[in-house]
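Note: the block below is model16.tsv and it holds TSV, N, CA and C atoms and all ligand atoms.
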```tsv
chain	number	residue	atom	x	y	z
I	1	MET	N	7.64	-8.50	1.85
I	1	MET	CA	8.66	-8.40	0.80
I	1	MET	C	8.63	-7.01	0.18
I	2	CYS	N	9.77	-6.59	-0.25
I	2	CYS	CA	9.85	-5.28	-0.89
I	2	CYS	C	9.24	-5.33	-2.29
I	3	GLN	N	8.91	-4.16	-2.75
I	3	GLN	CA	8.25	-4.07	-4.05
I	3	GLN	C	8.72	-2.83	-4.77
I	4	ASN	N	8.97	-2.99	-6.06
I	4	ASN	CA	9.26	-1.83	-6.89
I	4	ASN	C	7.95	-1.22	-7.35
I	5	VAL	N	7.83	0.06	-7.20
I	5	VAL	CA	6.65	0.75	-7.68
I	5	VAL	C	7.08	1.61	-8.85
I	6	ILE	N	6.44	1.42	-9.99
I	6	ILE	CA	6.80	2.15	-11.19
I	6	ILE	C	5.78	3.26	-11.41
I	7	ASP	N	6.24	4.49	-11.27
I	7	ASP	CA	5.39	5.64	-11.59
I	7	ASP	C	5.46	5.87	-13.08
I	8	GLY	N	4.35	6.17	-13.67
I	8	GLY	CA	4.38	6.40	-15.10
I	8	GLY	C	3.08	6.96	-15.65
I	9	ARG	N	3.04	7.01	-16.96
I	9	ARG	CA	1.90	7.56	-17.65
I	9	ARG	C	1.15	6.44	-18.36
I	10	TYR	N	-0.14	6.41	-18.14
I	10	TYR	CA	-0.96	5.39	-18.77
I	10	TYR	C	-1.74	5.99	-19.92
I	11	HIS	N	-1.58	5.40	-21.10
I	11	HIS	CA	-2.29	5.89	-22.28
I	11	HIS	C	-3.53	5.03	-22.50
I	12	THR	N	-4.68	5.64	-22.27
I	12	THR	CA	-5.92	4.87	-22.33
I	12	THR	C	-6.25	4.41	-23.74
I	13	THR	N	-5.84	5.17	-24.75
I	13	THR	CA	-6.21	4.83	-26.12
I	13	THR	C	-5.54	3.54	-26.59
I	14	CYS	N	-4.24	3.39	-26.31
I	14	CYS	CA	-3.53	2.18	-26.76
I	14	CYS	C	-3.28	1.21	-25.62
I	15	GLY	N	-3.53	1.64	-24.39
I	15	GLY	CA	-3.36	0.75	-23.24
I	15	GLY	C	-1.92	0.53	-22.82
I	16	HIS	N	-1.03	1.38	-23.29
I	16	HIS	CA	0.37	1.24	-22.91
I	16	HIS	C	0.70	2.05	-21.67
I	17	PHE	N	1.66	1.52	-20.93
I	17	PHE	CA	2.12	2.19	-19.73
I	17	PHE	C	3.58	2.60	-19.92
I	18	ILE	N	3.86	3.89	-19.84
I	18	ILE	CA	5.22	4.38	-20.03
I	18	ILE	C	5.82	4.74	-18.67
I	19	ALA	N	6.84	4.01	-18.30
I	19	ALA	CA	7.47	4.22	-16.99
I	19	ALA	C	8.22	5.54	-16.95
I	20	MET	N	8.10	6.26	-15.86
I	20	MET	CA	8.80	7.53	-15.71
I	20	MET	C	9.87	7.41	-14.62
I	21	SER	N	9.53	6.74	-13.55
I	21	SER	CA	10.51	6.54	-12.48
I	21	SER	C	10.13	5.30	-11.68
I	22	THR	N	11.12	4.70	-11.08
I	22	THR	CA	10.90	3.51	-10.27
I	22	THR	C	11.39	3.78	-8.85
I	23	ARG	N	10.61	3.37	-7.89
I	23	ARG	CA	11.08	3.52	-6.52
I	23	ARG	C	10.84	2.23	-5.76
I	24	LEU	N	11.62	2.02	-4.75
I	24	LEU	CA	11.52	0.81	-3.97
I	24	LEU	C	10.68	1.07	-2.72
I	25	GLN	N	9.67	0.25	-2.56
I	25	GLN	CA	8.85	0.34	-1.37
I	25	GLN	C	9.40	-0.66	-0.36
I	26	ASP	N	9.99	-0.14	0.68
I	26	ASP	CA	10.67	-0.98	1.66
I	26	ASP	C	9.67	-1.62	2.61
I	27	CYS	N	9.79	-2.96	2.80
I	27	CYS	CA	8.87	-3.65	3.70
I	27	CYS	C	9.35	-3.55	5.15
I	28	LEU	N	10.58	-3.04	5.35
I	28	LEU	CA	11.16	-2.81	6.67
I	28	LEU	C	11.26	-4.07	7.53
I	29	ARG	N	11.41	-5.21	6.86
I	29	ARG	CA	11.56	-6.45	7.62
I	29	ARG	C	13.04	-6.81	7.76
I	30	PRO	N	13.45	-7.23	8.94
I	30	PRO	CA	14.87	-7.55	9.14
I	30	PRO	C	15.32	-8.78	8.38
I	31	ASN	N	14.36	-9.59	7.93
I	31	ASN	CA	14.74	-10.82	7.21
I	31	ASN	C	14.57	-10.67	5.70
I	32	CYS	N	14.55	-9.44	5.23
I	32	CYS	CA	14.41	-9.20	3.79
I	32	CYS	C	15.69	-8.59	3.25
I	33	LEU	N	16.24	-9.23	2.23
I	33	LEU	CA	17.51	-8.82	1.65
I	33	LEU	C	17.48	-7.42	1.06
I	34	PHE	N	16.31	-6.99	0.63
I	34	PHE	CA	16.20	-5.71	-0.07
I	34	PHE	C	15.87	-4.55	0.86
I	35	SER	N	15.55	-4.89	2.09
I	35	SER	CA	15.14	-3.86	3.03
I	35	SER	C	16.34	-3.16	3.66
I	36	SER	N	16.15	-1.89	4.00
I	36	SER	CA	17.21	-1.15	4.69
I	36	SER	C	17.33	-1.65	6.13
I	37	ARG	N	16.32	-2.38	6.59
I	37	ARG	CA	16.33	-2.93	7.95
I	37	ARG	C	16.93	-4.34	8.00
I	38	HIS	N	17.37	-4.83	6.87
I	38	HIS	CA	17.95	-6.18	6.83
I	38	HIS	C	19.05	-6.28	7.89
I	39	CYS	N	18.96	-7.34	8.71
I	39	CYS	CA	19.83	-7.41	9.88
I	39	CYS	C	21.20	-8.01	9.59
I	40	HIS	N	21.42	-8.57	8.41
I	40	HIS	CA	22.71	-9.17	8.10
I	40	HIS	C	23.54	-8.28	7.18
I	41	ALA	N	24.82	-8.55	7.16
I	41	ALA	CA	25.71	-7.79	6.29
I	41	ALA	C	25.49	-8.22	4.84
I	42	ALA	N	26.10	-7.51	3.92
I	42	ALA	CA	26.01	-7.87	2.50
I	42	ALA	C	26.57	-9.27	2.31
I	43	GLY	N	25.99	-10.02	1.39
I	43	GLY	CA	26.41	-11.38	1.16
I	43	GLY	C	25.78	-12.34	2.15
I	44	CYS	N	24.59	-11.99	2.63
I	44	CYS	CA	23.85	-12.79	3.59
I	44	CYS	C	23.55	-14.19	3.03
I	45	LYS	N	23.78	-15.20	3.86
I	45	LYS	CA	23.55	-16.57	3.40
I	45	LYS	C	22.46	-17.25	4.20
I	46	SER	N	21.74	-16.52	5.00
I	46	SER	CA	20.69	-17.09	5.84
I	46	SER	C	19.52	-17.59	5.00
I	47	SER	N	19.08	-18.81	5.29
I	47	SER	CA	17.93	-19.36	4.55
I	47	SER	C	16.63	-18.75	5.06
I	48	GLN	N	16.71	-18.04	6.19
I	48	GLN	CA	15.52	-17.41	6.74
I	48	GLN	C	15.19	-16.12	6.01
I	49	CYS	N	16.15	-15.63	5.24
I	49	CYS	CA	15.96	-14.33	4.63
I	49	CYS	C	15.26	-14.42	3.28
I	50	VAL	N	14.43	-13.44	3.05
I	50	VAL	CA	13.67	-13.38	1.80
I	50	VAL	C	14.57	-12.83	0.70
I	51	ARG	N	14.69	-13.57	-0.38
I	51	ARG	CA	15.54	-13.17	-1.49
I	51	ARG	C	14.73	-12.72	-2.71
I	52	LEU	N	13.45	-12.78	-2.58
I	52	LEU	CA	12.61	-12.46	-3.72
I	52	LEU	C	11.91	-11.13	-3.54
I	53	MET	N	11.71	-10.48	-4.64
I	53	MET	CA	10.96	-9.25	-4.61
I	53	MET	C	9.61	-9.50	-5.27
I	54	VAL	N	8.61	-8.85	-4.78
I	54	VAL	CA	7.28	-8.98	-5.39
I	54	VAL	C	7.33	-8.34	-6.77
I	55	ALA	N	6.54	-8.82	-7.68
I	55	ALA	CA	6.48	-8.24	-9.03
I	55	ALA	C	6.19	-6.75	-8.93
I	56	PRO	N	6.87	-5.95	-9.75
I	56	PRO	CA	6.69	-4.50	-9.67
I	56	PRO	C	5.24	-4.08	-9.92
I	57	GLN	N	4.87	-3.05	-9.22
I	57	GLN	CA	3.49	-2.57	-9.33
I	57	GLN	C	3.48	-1.27	-10.11
I	58	ARG	N	2.58	-1.19	-11.06
I	58	ARG	CA	2.47	0.04	-11.86
I	58	ARG	C	1.59	1.05	-11.16
I	59	ASN	N	2.07	2.25	-11.11
I	59	ASN	CA	1.33	3.31	-10.45
I	59	ASN	C	1.13	4.46	-11.43
I	60	PRO	N	0.01	4.49	-12.12
I	60	PRO	CA	-0.20	5.55	-13.11
I	60	PRO	C	-0.44	6.89	-12.43
I	61	ILE	N	0.56	7.78	-12.50
I	61	ILE	CA	0.42	9.10	-11.89
I	61	ILE	C	-0.14	10.09	-12.90
I	62	ARG	N	-0.07	9.71	-14.19
I	62	ARG	CA	-0.65	10.55	-15.24
I	62	ARG	C	-1.49	9.65	-16.13
I	63	ILE	N	-2.62	10.17	-16.56
I	63	ILE	CA	-3.45	9.45	-17.51
I	63	ILE	C	-3.55	10.28	-18.77
I	64	SER	N	-3.21	9.68	-19.90
I	64	SER	CA	-3.31	10.37	-21.17
I	64	SER	C	-4.36	9.69	-22.03
I	65	GLU	N	-5.23	10.47	-22.59
I	65	GLU	CA	-6.25	9.90	-23.46
I	65	GLU	C	-5.79	9.90	-24.91
I	66	THR	N	-4.47	9.85	-25.08
I	66	THR	CA	-3.89	9.81	-26.42
I	66	THR	C	-3.09	8.52	-26.56
I	67	ARG	N	-2.55	8.28	-27.76
I	67	ARG	CA	-1.66	7.15	-27.93
I	67	ARG	C	-0.28	7.53	-27.43
I	68	CYS	N	0.50	6.53	-27.04
I	68	CYS	CA	1.86	6.81	-26.58
I	68	CYS	C	2.74	7.16	-27.77
I	69	ALA	N	3.92	7.72	-27.48
I	69	ALA	CA	4.82	8.17	-28.54
I	69	ALA	C	5.16	7.04	-29.51
I	70	ASP	N	5.36	5.83	-28.96
I	70	ASP	CA	5.68	4.66	-29.79
I	70	ASP	C	4.58	4.38	-30.79
I	71	CYS	N	3.35	4.40	-30.32
I	71	CYS	CA	2.22	4.08	-31.18
I	71	CYS	C	2.00	5.18	-32.22
I	72	VAL	N	2.21	6.42	-31.82
I	72	VAL	CA	2.08	7.54	-32.76
I	72	VAL	C	3.10	7.36	-33.89
I	73	MET	N	4.34	6.98	-33.50
I	73	MET	CA	5.40	6.78	-34.47
I	73	MET	C	5.07	5.61	-35.40
I	74	ARG	N	4.60	4.52	-34.78
I	74	ARG	CA	4.25	3.34	-35.56
I	74	ARG	C	3.11	3.66	-36.53
I	75	GLY	N	2.19	4.45	-36.04
I	75	GLY	CA	1.07	4.83	-36.89
I	75	GLY	C	1.53	5.65	-38.08
I	76	ALA	N	2.50	6.56	-37.81
I	76	ALA	CA	3.03	7.39	-38.87
I	76	ALA	C	3.76	6.55	-39.90
I	77	GLU	N	4.51	5.54	-39.42
I	77	GLU	CA	5.23	4.66	-40.32
I	77	GLU	C	4.25	3.86	-41.18
I	78	GLY	N	3.16	3.47	-40.56
I	78	GLY	CA	2.15	2.69	-41.27
I	78	GLY	C	1.53	3.46	-42.41
I	79	MET	N	1.54	4.81	-42.29
I	79	MET	CA	0.95	5.65	-43.31
I	79	MET	C	1.78	5.68	-44.58
I	80	ILE	N	3.10	5.48	-44.38
I	80	ILE	CA	4.01	5.58	-45.52
I	80	ILE	C	3.71	4.47	-46.54
I	81	GLY	N	3.53	4.85	-47.77
I	81	GLY	CA	3.30	3.88	-48.82
I	81	GLY	C	1.86	3.41	-48.93
I	82	VAL	N	0.97	4.04	-48.17
I	82	VAL	CA	-0.44	3.63	-48.27
I	82	VAL	C	-1.07	4.34	-49.46
D	1	ZN	ZN	11.45	-6.47	1.76
D	2	ZN	ZN	19.93	-11.85	5.89
D	3	ZN	ZN	1.00	2.73	-27.22
```

If you took the structure in this file and wrote it as structure tokens, what would it be?
Amino acid sequence: MCQNVIDGRYHTTCGHFIAMSTRLQDCLRPNCLFSSRHCHAAGCKSSQCVRLMVAPQRNPIRISETRCADCVMRGAEGMIGV
């Protein structure tokens, strides 16, 4: 089955993953709807064909030892009125 791979930045301090780009990893199977090798035309109704995609996989291409922008912003907001 095909899989979406999400390239992004992983922030070790807050544990958040910020997606930068998504790409499709083609399984190259003729019975997979998402593959470029799919042997049927669009609107395939074959029960033999895979219609599901595997859950996207996170691929941290950058590691940041800081908090993500969201957390920095939230932290700043939390400071207001303290
Ligand atoms: Zn596939
Ligand atoms: Zn098909
Ligand atoms: Zn964060």

* Asked: Please, which residues of chain I, numbered as in this document, come out strand (DSSP E or B) from DSSP, as a VMD selection string?
  -> chain I and resid 3 to 11 16 to 25 32 50 54 to 64

* Asked: Given a cut-off of 10 Å, what residues near ligand ZN 3 (chain D) show up using only C-alpha atoms and all ligand atoms, put as an MDAnalysis selection string?
  -> chainID I and resid 10:18 66:75

* Structure fact -> Separating atom N of I:Gln3 from atom CA of I:Ser36, to the nearest tenth of an Å, is a gap of 11.5 Å

* Calculate how many Å separate atom N of I:Arg29 from atom N of I:Arg62, rounding to one decimal. =>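 Interatomic distance here is 28.2 Å.
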
As a quick test: using only N, CA and C atoms and all ligand atoms, which residues lie no more than 6.5 Å away from ligand ZN 2 (chain D)? Give them as a PDB file with N, CA and C atoms, in the coordinates of the input.
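Output file part20.pdb is given in full below:
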```pdb
ATOM      1  N   PRO I  30      13.450  -7.230   8.940  1.00  0.00           N
ATOM      2  CA  PRO I  30      14.870  -7.550   9.140  1.00  0.00           C
ATOM      3  C   PRO I  30      15.320  -8.780   8.380  1.00  0.00           C
ATOM      4  N   ASN I  31      14.360  -9.590   7.930  1.00  0.00           N
ATOM      5  CA  ASN I  31      14.740 -10.820   7.210  1.00  0.00           C
ATOM      6  C   ASN I  31      14.570 -10.670   5.700  1.00  0.00           C
ATOM      7  N   CYS I  32      14.550  -9.440   5.230  1.00  0.00           N
ATOM      8  CA  CYS I  32      14.410  -9.200   3.790  1.00  0.00           C
ATOM      9  C   CYS I  32      15.690  -8.590   3.250  1.00  0.00           C
ATOM     10  N   LEU I  33      16.240  -9.230   2.230  1.00  0.00           N
ATOM     11  CA  LEU I  33      17.510  -8.820   1.650  1.00  0.00           C
ATOM     12  C   LEU I  33      17.480  -7.420   1.060  1.00  0.00           C
ATOM     13  N   HIS I  38      17.370  -4.830   6.870  1.00  0.00           N
ATOM     14  CA  HIS I  38      17.950  -6.180   6.830  1.00  0.00           C
ATOM     15  C   HIS I  38      19.050  -6.280   7.890  1.00  0.00           C
ATOM     16  N   CYS I  39      18.960  -7.340   8.710  1.00  0.00           N
ATOM     17  CA  CYS I  39      19.830  -7.410   9.880  1.00  0.00           C
ATOM     18  C   CYS I  39      21.200  -8.010   9.590  1.00  0.00           C
ATOM     19  N   HIS I  40      21.420  -8.570   8.410  1.00  0.00           N
ATOM     20  CA  HIS I  40      22.710  -9.170   8.100  1.00  0.00           C
ATOM     21  C   HIS I  40      23.540  -8.280   7.180  1.00  0.00           C
ATOM     22  N   ALA I  41      24.820  -8.550   7.160  1.00  0.00           N
ATOM     23  CA  ALA I  41      25.710  -7.790   6.290  1.00  0.00           C
ATOM     24  C   ALA I  41      25.490  -8.220   4.840  1.00  0.00           C
ATOM     25  N   CYS I  44      24.590 -11.990   2.630  1.00  0.00           N
ATOM     26  CA  CYS I  44      23.850 -12.790   3.590  1.00  0.00           C
ATOM     27  C   CYS I  44      23.550 -14.190   3.030  1.00  0.00           C
ATOM     28  N   LYS I  45      23.780 -15.200   3.860  1.00  0.00           N
ATOM     29  CA  LYS I  45      23.550 -16.570   3.400  1.00  0.00           C
ATOM     30  C   LYS I  45      22.460 -17.250   4.200  1.00  0.00           C
ATOM     31  N   SER I  46      21.740 -16.520   5.000  1.00  0.00           N
ATOM     32  CA  SER I  46      20.690 -17.090   5.840  1.00  0.00           C
ATOM     33  C   SER I  46      19.520 -17.590   5.000  1.00  0.00           C
ATOM     34  N   GLN I  48      16.710 -18.040   6.190  1.00  0.00           N
ATOM     35  CA  GLN I  48      15.520 -17.410   6.740  1.00  0.00           C
ATOM     36  C   GLN I  48      15.190 -16.120   6.010  1.00  0.00           C
ATOM     37  N   CYS I  49      16.150 -15.630   5.240  1.00  0.00           N
ATOM     38  CA  CYS I  49      15.960 -14.330   4.630  1.00  0.00           C
ATOM     39  C   CYS I  49      15.260 -14.420   3.280  1.00  0.00           C
ATOM     40  N   VAL I  50      14.430 -13.440   3.050  1.00  0.00           N
ATOM     41  CA  VAL I  50      13.670 -13.380   1.800  1.00  0.00           C
ATOM     42  C   VAL I  50      14.570 -12.830   0.700  1.00  0.00           C
TER      43      VAL I  50
END
```
